[in-house]
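Just target.txt here, compact mmCIF, C-alpha atoms:
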```txt
# COMPACT_ATOMS: atom_id res chain seq x y z
CA MET W 290 0.00 0.00 0.00
CA LYS W 291 2.74 2.41 0.97
CA LYS W 292 5.20 1.50 -1.76
CA PRO W 293 3.22 2.72 -4.85
CA LEU W 294 2.62 6.02 -3.06
CA VAL W 295 6.34 6.47 -2.37
CA ILE W 296 7.22 5.62 -5.98
CA ALA W 297 4.61 8.05 -7.30
CA LEU W 298 5.93 10.81 -5.03
CA LEU W 299 9.51 10.12 -6.16
CA ILE W 300 8.51 10.27 -9.84
CA LEU W 301 6.69 13.57 -9.21
CA LEU W 302 9.79 14.95 -7.47
CA ALA W 303 12.01 13.79 -10.33
CA LEU W 304 9.71 15.44 -12.88
CA ALA W 305 9.74 18.71 -10.94
CA LEU W 306 13.54 18.64 -10.69
CA LEU W 307 13.93 17.81 -14.39
CA ALA W 308 11.57 20.66 -15.31
CA ALA W 309 13.70 23.01 -13.21
CA MET W 310 16.85 21.69 -14.90
CA ALA W 311 15.38 22.43 -18.33
CA GLU W 312 15.00 26.08 -17.31
CA LEU W 313 18.73 26.48 -16.63
CA PRO W 314 20.84 28.25 -19.28
CA ALA W 315 22.89 25.98 -21.53
CA VAL W 316 26.43 25.07 -20.46
CA GLY W 317 28.88 27.67 -21.76
CA GLN W 318 26.18 30.15 -22.83
CA ALA W 319 27.98 33.50 -22.81
CA ASP W 320 25.13 35.70 -21.52
CA ALA W 321 24.12 33.37 -18.67
CA PRO W 322 23.94 35.23 -15.33
CA VAL W 323 26.95 33.31 -13.96
CA HIS W 324 29.21 34.72 -16.65
CA THR W 325 28.04 38.31 -16.70
CA HIS W 326 28.68 39.51 -13.13
CA VAL W 327 31.79 38.85 -11.08
CA SER W 328 33.39 35.94 -12.91
CA ALA W 329 34.65 38.09 -15.80
CA ARG W 330 36.48 40.28 -13.28
CA TYR W 331 37.92 37.21 -11.51
CA ILE W 332 39.21 35.74 -14.78
CA GLU W 333 40.62 38.98 -16.19
CA GLN W 334 42.16 40.51 -13.08
CA GLY W 335 42.29 37.69 -10.56
CA GLU W 336 45.97 36.99 -10.95
CA ALA W 337 47.02 40.64 -10.80
CA GLU W 338 44.72 41.44 -7.87
CA THR W 339 45.39 38.40 -5.71
CA GLY W 340 48.83 37.12 -6.76
CA ALA W 341 47.46 33.57 -7.06
CA HIS W 342 47.98 31.87 -10.43
CA ASN W 343 45.33 29.33 -9.48
CA LEU W 344 42.02 31.19 -9.78
CA VAL W 345 40.28 28.70 -7.48
CA THR W 346 42.67 29.69 -4.69
CA ALA W 347 42.24 33.36 -5.63
CA VAL W 348 38.51 33.05 -5.02
CA LEU W 349 38.81 30.81 -1.94
CA LEU W 350 41.38 32.83 -0.01
CA ASN W 351 40.95 36.34 -1.36
CA TYR W 352 37.66 37.31 -3.03
CA ARG W 353 35.63 34.91 -0.89
CA GLY W 354 37.97 34.66 2.09
CA MET W 355 35.14 35.25 4.55
CA ASP W 356 33.23 32.27 3.10
CA THR W 357 36.27 30.04 3.57
CA PHE W 358 36.59 31.34 7.14
CA GLY W 359 32.98 30.29 7.68
CA GLU W 360 33.65 26.90 6.10
CA VAL W 361 36.62 26.32 8.39
CA LEU W 362 34.42 27.22 11.38
CA VAL W 363 31.78 24.75 10.14
CA LEU W 364 34.42 21.99 10.01
CA PHE W 365 35.56 22.88 13.53
CA THR W 366 31.95 22.80 14.76
CA ALA W 367 31.41 19.45 13.03
CA LEU W 368 34.45 18.04 14.83
CA CYS W 369 33.11 19.30 18.18
CA ALA W 370 29.70 17.76 17.43
CA GLY W 371 31.30 14.45 16.47
CA PHE W 372 33.29 14.37 19.71
CA ALA W 373 30.19 15.25 21.73
CA VAL W 374 28.16 12.40 20.19
CA LEU W 375 30.96 9.85 20.58
CA LEU W 376 31.69 10.87 24.18
CA ALA W 377 28.02 10.76 25.13
CA ALA W 378 27.60 7.35 23.47
CA ALA W 379 30.66 5.97 25.24
CA ARG W 380 29.58 7.37 28.62
CA ASN W 381 25.94 6.29 28.54
CA GLY W 382 26.69 2.83 27.17
CA ASN W 383 24.31 3.47 24.27
CA LYS W 384 22.94 0.15 23.06
CA HIS W 385 23.46 1.16 19.43
CA TYR W 386 27.13 1.73 20.09
CA ARG W 387 28.75 -1.63 20.70
CA GLN W 388 31.43 -1.42 23.36
CA PRO W 389 34.80 -2.47 21.99
CA PRO W 390 36.30 -5.63 23.49
CA ALA W 391 38.28 -5.15 26.68
CA PRO W 392 41.72 -3.77 25.85
CA GLN W 393 44.48 -6.33 25.88
CA GLU W 394 47.89 -5.59 27.34
CA SER W 395 49.08 -2.58 25.38
CA GLY W 396 52.24 -3.26 23.46
CA ALA W 397 53.29 -1.86 20.10
CA VAL W 398 50.46 -3.76 18.42
CA PRO W 399 48.74 -2.51 15.29
CA VAL W 400 45.03 -1.60 15.50
CA ILE W 401 44.12 -4.53 13.23
CA ALA W 402 46.08 -7.49 11.95
CA VAL W 403 47.99 -6.17 8.92
CA SER W 404 49.81 -8.29 6.38
CA PRO W 405 53.57 -7.70 6.17
CA VAL W 406 53.22 -6.60 2.54
CA VAL W 407 50.76 -3.81 3.41
CA SER W 408 52.88 -2.78 6.38
CA PHE W 409 56.04 -2.61 4.27
CA VAL W 410 54.39 -0.69 1.42
CA VAL W 411 52.80 1.87 3.77
CA ARG W 412 56.10 2.46 5.57
CA LEU W 413 57.97 2.67 2.27
CA LEU W 414 55.54 5.15 0.71
CA ALA W 415 54.90 7.28 3.82
CA PRO W 416 57.71 9.85 3.25
CA PHE W 417 56.73 10.27 -0.39
CA ILE W 418 53.05 10.74 0.47
CA ALA W 419 54.03 13.29 3.14
CA LEU W 420 56.20 15.14 0.62
CA PHE W 421 53.35 15.16 -1.92
CA ALA W 422 50.93 16.48 0.71
CA ALA W 423 53.36 19.29 1.58
CA TYR W 424 53.75 20.09 -2.12
CA VAL W 425 49.99 20.21 -2.67
CA ILE W 426 49.53 22.49 0.37
CA LEU W 427 52.40 24.87 -0.39
CA LYS W 428 51.82 25.16 -4.14
CA GLY W 429 48.06 25.62 -3.77
CA HIS W 430 48.12 29.25 -4.91
CA LEU W 431 50.14 28.38 -8.05
CA SER W 432 48.69 25.07 -9.27
CA PRO W 433 45.62 22.92 -8.56
CA GLY W 434 45.48 21.86 -4.94
CA GLY W 435 45.66 23.70 -1.67
CA GLY W 436 45.11 23.37 2.04
CA PHE W 437 41.99 21.22 1.98
CA GLN W 438 43.31 18.74 -0.56
CA GLY W 439 46.78 18.46 0.93
CA GLY W 440 45.34 18.23 4.44
CA MET W 441 43.14 15.30 3.44
CA ILE W 442 46.16 13.50 1.93
CA LEU W 443 48.10 14.13 5.15
CA GLY W 444 45.17 12.90 7.26
CA ALA W 445 44.81 9.75 5.15
CA LEU W 446 48.55 9.10 5.56
CA PHE W 447 48.19 9.50 9.32
CA ILE W 448 45.30 7.01 9.39
CA ALA W 449 47.27 4.49 7.31
CA LEU W 450 50.28 4.79 9.63
CA THR W 451 48.07 4.38 12.71
CA LEU W 452 46.49 1.25 11.23
CA VAL W 453 49.86 -0.28 10.43
CA LEU W 454 52.06 0.85 13.32
CA GLY W 455 49.57 1.18 16.17
CA LYS W 456 48.48 3.97 18.46
CA GLN W 457 51.76 4.39 20.29
CA TYR W 458 53.25 5.56 17.02
CA SER W 459 50.41 7.95 16.25
CA ALA W 460 50.72 9.46 19.73
CA ARG W 461 54.39 10.07 19.00
CA LEU W 462 53.60 11.57 15.59
CA LEU W 463 50.84 13.80 16.97
CA PRO W 464 51.28 14.34 20.74
CA VAL W 465 48.01 14.24 22.67
CA ALA W 466 48.83 17.53 24.41
CA TRP W 467 49.00 19.36 21.05
CA ARG W 468 45.74 18.07 19.65
CA PRO W 469 43.26 20.52 21.21
CA TRP W 470 45.37 23.42 19.88
CA LEU W 471 45.60 21.93 16.41
CA TYR W 472 41.80 21.39 16.18
CA ALA W 473 41.35 25.15 16.18
CA LEU W 474 44.44 25.94 14.09
CA ALA W 475 42.63 26.88 10.87
CA PRO W 476 40.01 29.25 12.41
CA ALA W 477 42.74 30.80 14.58
CA ALA W 478 45.01 31.35 11.56
CA PHE W 479 42.14 32.98 9.68
CA LEU W 480 41.55 35.31 12.64
CA VAL W 481 45.24 36.25 12.86
CA VAL W 482 45.71 36.73 9.10
CA GLY W 483 42.40 38.61 8.95
CA MET W 484 43.58 40.94 11.71
CA ILE W 485 46.90 41.50 9.91
CA GLY W 486 44.88 42.37 6.81
CA LEU W 487 42.79 44.74 8.90
CA GLN W 488 45.95 46.52 10.05
CA LEU W 489 47.45 46.71 6.54
CA THR W 490 44.43 47.55 4.39
CA GLY W 491 41.56 48.51 6.67
CA TYR W 492 39.53 45.42 5.75
CA PHE W 493 39.27 42.15 7.65
CA LEU W 494 41.08 39.51 5.54
CA GLY W 495 42.21 42.26 3.14
CA TYR W 496 45.44 41.68 1.24
CA PRO W 497 47.88 44.53 0.45
CA GLN W 498 47.88 45.38 -3.26
CA GLU W 499 51.10 47.42 -3.61
CA PRO W 500 53.92 45.67 -5.53
CA ALA W 501 56.30 46.14 -2.59
CA TRP W 502 53.98 44.05 -0.39
CA HIS W 503 53.70 41.04 -2.70
CA GLY W 504 55.91 38.95 -0.40
CA VAL W 505 53.62 39.70 2.54
CA ARG W 506 50.56 38.81 0.45
CA GLU W 507 52.07 35.49 -0.54
CA ALA W 508 53.12 34.79 3.05
CA MET W 509 49.53 35.44 4.21
CA MET W 510 48.15 33.03 1.62
CA VAL W 511 50.71 30.32 2.40
CA THR W 512 50.04 30.71 6.15
CA LEU W 513 46.34 30.15 5.55
CA GLU W 514 47.02 27.15 3.31
CA ILE W 515 49.33 25.53 5.87
CA ALA W 516 46.85 26.15 8.68
CA ILE W 517 43.94 24.73 6.65
CA GLY W 518 46.10 21.75 5.66
CA VAL W 519 47.37 20.87 9.13
CA GLY W 520 43.97 21.62 10.69
CA GLY W 521 42.19 19.44 8.13
CA ALA W 522 44.64 16.58 8.61
CA VAL W 523 44.25 16.72 12.39
CA LEU W 524 40.45 16.90 12.05
CA VAL W 525 40.28 13.76 9.92
CA ALA W 526 42.84 11.92 12.02
CA SER W 527 41.18 12.76 15.33
CA LEU W 528 37.72 11.76 14.08
CA PHE W 529 39.29 8.42 13.15
CA LEU W 530 41.03 8.10 16.53
CA ALA W 531 37.85 9.07 18.41
CA LEU W 532 35.86 6.37 16.60
CA GLU W 533 38.66 3.85 17.16
CA SER W 534 39.29 4.72 20.80
CA ASP W 535 38.53 2.24 23.53
CA MET K 91 34.62 11.34 -27.98
CA SER K 92 34.87 13.60 -24.99
CA GLU K 93 31.10 13.61 -24.56
CA LEU K 94 31.06 9.82 -24.88
CA PHE K 95 33.62 9.49 -22.07
CA ASP K 96 31.42 11.61 -19.78
CA LEU K 97 28.30 9.65 -20.67
CA VAL K 98 29.96 6.29 -20.01
CA LEU K 99 31.32 7.60 -16.71
CA LEU K 100 27.90 8.95 -15.69
CA ALA K 101 26.24 5.63 -16.53
CA LEU K 102 28.90 3.85 -14.49
CA LEU K 103 28.33 6.22 -11.55
CA ILE K 104 24.56 5.65 -11.59
CA THR K 105 25.15 1.88 -11.70
CA ILE K 106 27.57 2.08 -8.76
CA ALA K 107 25.12 4.26 -6.81
CA LEU K 108 22.35 1.67 -7.33
CA LEU K 109 24.73 -1.11 -6.24
CA VAL K 110 25.57 0.82 -3.05
CA VAL K 111 21.88 1.22 -2.21
CA ARG K 112 21.11 -2.43 -2.99
CA ALA K 113 24.00 -3.92 -0.99
CA ARG K 114 22.75 -5.53 2.25
CA ASP K 115 26.27 -5.97 3.60
CA LEU K 116 27.41 -2.54 4.82
CA LEU K 117 31.08 -3.46 4.41
CA VAL K 118 30.47 -4.19 0.73
CA ALA K 119 28.47 -0.97 0.38
CA ALA K 120 31.31 1.10 1.89
CA ILE K 121 33.89 -0.43 -0.46
CA ILE K 122 31.70 0.09 -3.55
CA PHE K 123 31.10 3.68 -2.40
CA SER K 124 34.83 4.33 -2.50
CA GLY K 125 34.66 3.26 -6.17
CA TYR K 126 31.92 5.86 -6.62
CA GLY K 127 34.28 8.51 -5.20
CA LEU K 128 36.99 7.45 -7.65
CA GLY K 129 34.61 7.63 -10.64
CA LEU K 130 33.37 11.05 -9.55
CA CYS K 131 36.99 12.20 -9.24
CA LEU K 132 37.65 11.15 -12.84
CA LEU K 133 34.54 13.02 -13.95
CA TRP K 134 35.61 16.24 -12.17
CA LEU K 135 39.06 15.94 -13.70
CA HIS K 136 37.65 15.46 -17.17
CA ARG K 137 35.27 18.41 -16.77
CA GLY K 138 38.27 20.63 -15.98
CA ALA K 139 38.06 20.95 -12.18
CA PRO K 140 41.36 19.49 -10.91
CA ASP K 141 41.01 21.15 -7.49
CA VAL K 142 37.67 19.47 -6.83
CA ALA K 143 38.99 16.20 -8.30
CA MET K 144 41.86 16.15 -5.81
CA ALA K 145 39.55 16.81 -2.89
CA GLU K 146 37.15 14.13 -4.14
CA ALA K 147 39.94 11.56 -4.52
CA ALA K 148 41.27 12.23 -1.02
CA VAL K 149 37.94 12.67 0.79
CA GLY K 150 35.49 10.60 -1.27
CA ALA K 151 37.66 7.64 -2.13
CA GLY K 152 40.01 7.72 0.86
CA VAL K 153 39.01 9.28 4.15
CA THR K 154 35.22 8.72 4.03
CA THR K 155 35.73 5.04 3.30
CA VAL K 156 38.03 4.64 6.29
CA LEU K 157 35.59 6.49 8.56
CA PHE K 158 32.71 4.32 7.26
CA LEU K 159 34.74 1.16 7.86
CA VAL K 160 35.62 2.22 11.41
CA ALA K 161 31.98 3.13 12.08
CA ILE K 162 30.88 -0.28 10.79
CA GLY K 163 33.52 -1.82 13.03
CA VAL K 164 32.07 -0.24 16.19
CA THR K 165 28.39 -0.77 15.30
CA GLY K 166 27.42 -3.68 13.07
CA ARG K 167 28.00 -5.04 9.63
CA LYS K 168 24.50 -6.10 8.56
CA GLU K 169 21.65 -3.82 7.65
CA LYS K 170 18.63 -4.58 9.83
```
Once you've parsed the file, please lay out its structure as structure tokens.
Amino acid sequence: MKKPLVIALLILLALALLAAMAELPAVGQADAPVHTHVSARYIEQGEAETGAHNLVTAVLLNYRGMDTFGEVLVLFTALCAGFAVLLAAARNGNKHYRQPPAPQESGAVPVIAVSPVVSFVVRLLAPFIALFAAYVILKGHLSPGGGFQGGMILGALFIALTLVLGKQYSARLLPVAWRPWLYALAPAAFLVVGMIGLQLTGYFLGYPQEPAWHGVREAMMVTLEIAIGVGGAVLVASLFLALESD
Amino acid sequence: MSELFDLVLLALLITIALLVVRARDLLVAAIIFSGYGLGLCLLWLHRGAPDVAMAEAAVGAGVTTVLFLVAIGVTGRKEK
């Protein structure tokens, strides 16, 4: 009885969405609203105005810096919410959250049983992956990539190392005492860089335009990229560790 | 040729999405979903968005899968 109704509703929804899609301007149509307002300015003067060869970074860190600040705050809030849920579940003994088996004697044991091949390959590739992550973060304003992407690579590397080498190793790599500070690294860096911009230009997150200040502008962008990268890596890694924790 | 590549990729993505929804074993669903992330990454790359493609490869195919697997590990593997 219920199923035909659900299917009919879904078909109606699909029809409505398709009708809305048909109203959109064609891809690449020159006089579509997207192409007639700000994007022409971004494409023509983005590099000169922001000093970022990669226009995506120019928009993310400069033209729409406030939006990225908000996004970073959203990620921070999501991390806090995730911790809150996990802590509450662990404390109340929620029946949907199966308690992990009692911890065995803690030696340098990996989190799961890992084959020697996987262990060897992860350890062999780790420095190269770390180097690639640093490259992606630092070159984000010149080529595709940036803080978010590099941070995710770094976080994935951290998770792989934790799986293979165990939690003792991850605690050495990322000391527990540092973690609370690193959670808030990206929003804090945005605040600091924004304040520096306020001092230099009179606008929060403003970047100096004069040719003599290009070094400062680049340093501000790279600082933000590094903070987003490290903050993102720590966010992903600590969500993983919080889920894994016993 | 270029259009054909996109169409094949889109068809593949829809197939993978249906497989994810149909899978009763959540472990299988999580692994297939990482394939979905990889396909979407290729599509972004081919449509000229390398920044998004990199984020998709790292987040969609990598980190989300690990978080799903850990979550399955602490809850349960079968859909009820």
Compile a residue-level contact table for chain K against chain W at a cut-off of 7 Å, reporting for every qualifying residue the shortest atom pair and its distance in Å to one decimal, with all atoms listed in the file counted, rows ordered by chain and ascending number, as CSV.
```
residue,atom,partner,partner_atom,distance
K:Pro140,CA,W:Pro433,CA,6.0
K:Asp141,CA,W:Pro433,CA,5.1
K:Met144,CA,W:Gln438,CA,6.0
K:Ala145,CA,W:Gln438,CA,4.8
K:Ala148,CA,W:Met441,CA,5.7
K:Val149,CA,W:Met441,CA,6.4
K:Gly152,CA,W:Ala445,CA,6.8
K:Val153,CA,W:Ala445,CA,5.9
K:Leu157,CA,W:Phe529,CA,6.2
K:Val160,CA,W:Leu532,CA,6.6
K:Ala161,CA,W:Leu532,CA,6.8
K:Val164,CA,W:Arg387,CA,5.8
K:Thr165,CA,W:Arg387,CA,5.5
```
Contact check, stretch 138-163 of chain K to stretch 115-134 of chain K, at most 8 Å, counting only C-alpha atoms, closest pairs as CSV:
```
residue,atom,partner,partner_atom,distance
K:Gly138,CA,K:Trp134,CA,6.4
K:Ala139,CA,K:Trp134,CA,5.3
K:Pro140,CA,K:Trp134,CA,6.7
K:Val142,CA,K:Trp134,CA,6.6
K:Ala143,CA,K:Cys131,CA,4.6
K:Met144,CA,K:Cys131,CA,7.1
K:Glu146,CA,K:Cys131,CA,5.5
K:Ala147,CA,K:Cys131,CA,5.6
K:Gly150,CA,K:Gly127,CA,4.6
K:Ala151,CA,K:Ser124,CA,4.4
K:Gly152,CA,K:Ser124,CA,7.0
K:Thr154,CA,K:Ser124,CA,7.9
K:Thr155,CA,K:Ser124,CA,5.9
K:Phe158,CA,K:Ala120,CA,6.4
K:Leu159,CA,K:Leu117,CA,6.8
K:Ile162,CA,K:Leu117,CA,7.1
```
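The spacing separating atom CA of W:Ala475 from atom CA of W:Gln498 amounts to 23.9 Å.
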Query raised in the report: Near stretch 323-335 of chain W, counting all atoms listed in the file, which residues have an atom at most 10 Å away, once you skip same-chain residues fewer than 5 positions from it, shown as a PyMOL selection string?
Result: chain W and resi 314+317-318+340-348+351-352
Report task. Between atom CA of K:Ser92 and atom CA of K:Ala107, measure the distance and give it in Å to one decimal. Result ->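 A separation of 22.6 Å between them.
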Requested in this report: Quote the spacing between atom CA of W:Ile485 and atom CA of W:Pro464 in Å to one decimal place.
Outcome: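 Going from atom CA of W:Ile485 over to atom CA of W:Pro464 covers 29.6 Å.
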Query raised in the report: Which polymer residues have any atom within 8 Å of an atom of stretch 503-512 of chain W, counting only C-alpha atoms, with same-chain residues fewer than 5 positions away left out, as a PyMOL selection string?
Result: chain W and resi 340+350+427+430+478+482+496-498
Any chance you could work out the axis-aligned box around stretch 98-111 of chain K, listed atoms only, 3 Å on each side, giving centre and edge lengths in Å to one decimal, as lines of an AutoDock Vina configuration file?
```
center_x = 26.6
center_y = 3.9
center_z = -11.1
size_x = 15.4
size_y = 16.1
size_z = 23.8
```
**Report entry** Neighbour list for W:Leu452 as an MDAnalysis selection string, cut-off 12 Å, only C-alpha atoms, skip fewer than 2 positions in-chain
**Finding:** (chainID W and resid 397:404 407:408 411:412 445:450 454:459 526 529:530 533) or (chainID K and resid 156 160)
Requested in this report: Counting only C-alpha atoms, find the residues whose atoms lie at most 12 Å from (45.4, 30.5, 13.5) (file coordinates) and write them out as a list in words.
Outcome: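 Collected hits near the coordinates: Phe358, Val361, Leu362, Trp470, Leu471, Tyr472, Ala473, Leu474, Ala475, Pro476, Ala477, Ala478, Phe479, Leu480, Val481, Val482, Gly483, Met484, Ile485, Met509, Thr512, Leu513, Glu514, Ile515, Ala516, Ile517, Gly518, Val519 and Gly520 of chain W.
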Export C-alpha atoms of the chosen residues as a CSV table (one decimal), in the coordinates of the input?
```csv
chain,number,residue,atom,x,y,z
W,358,PHE,CA,36.6,31.3,7.1
W,361,VAL,CA,36.6,26.3,8.4
W,362,LEU,CA,34.4,27.2,11.4
W,470,TRP,CA,45.4,23.4,19.9
W,471,LEU,CA,45.6,21.9,16.4
W,472,TYR,CA,41.8,21.4,16.2
W,473,ALA,CA,41.4,25.2,16.2
W,474,LEU,CA,44.4,25.9,14.1
W,475,ALA,CA,42.6,26.9,10.9
W,476,PRO,CA,40.0,29.2,12.4
W,477,ALA,CA,42.7,30.8,14.6
W,478,ALA,CA,45.0,31.4,11.6
W,479,PHE,CA,42.1,33.0,9.7
W,480,LEU,CA,41.6,35.3,12.6
W,481,VAL,CA,45.2,36.2,12.9
W,482,VAL,CA,45.7,36.7,9.1
W,483,GLY,CA,42.4,38.6,9.0
W,484,MET,CA,43.6,40.9,11.7
W,485,ILE,CA,46.9,41.5,9.9
W,509,MET,CA,49.5,35.4,4.2
W,512,THR,CA,50.0,30.7,6.2
W,513,LEU,CA,46.3,30.2,5.6
W,514,GLU,CA,47.0,27.2,3.3
W,515,ILE,CA,49.3,25.5,5.9
W,516,ALA,CA,46.8,26.2,8.7
W,517,ILE,CA,43.9,24.7,6.6
W,518,GLY,CA,46.1,21.8,5.7
W,519,VAL,CA,47.4,20.9,9.1
W,520,GLY,CA,44.0,21.6,10.7
```
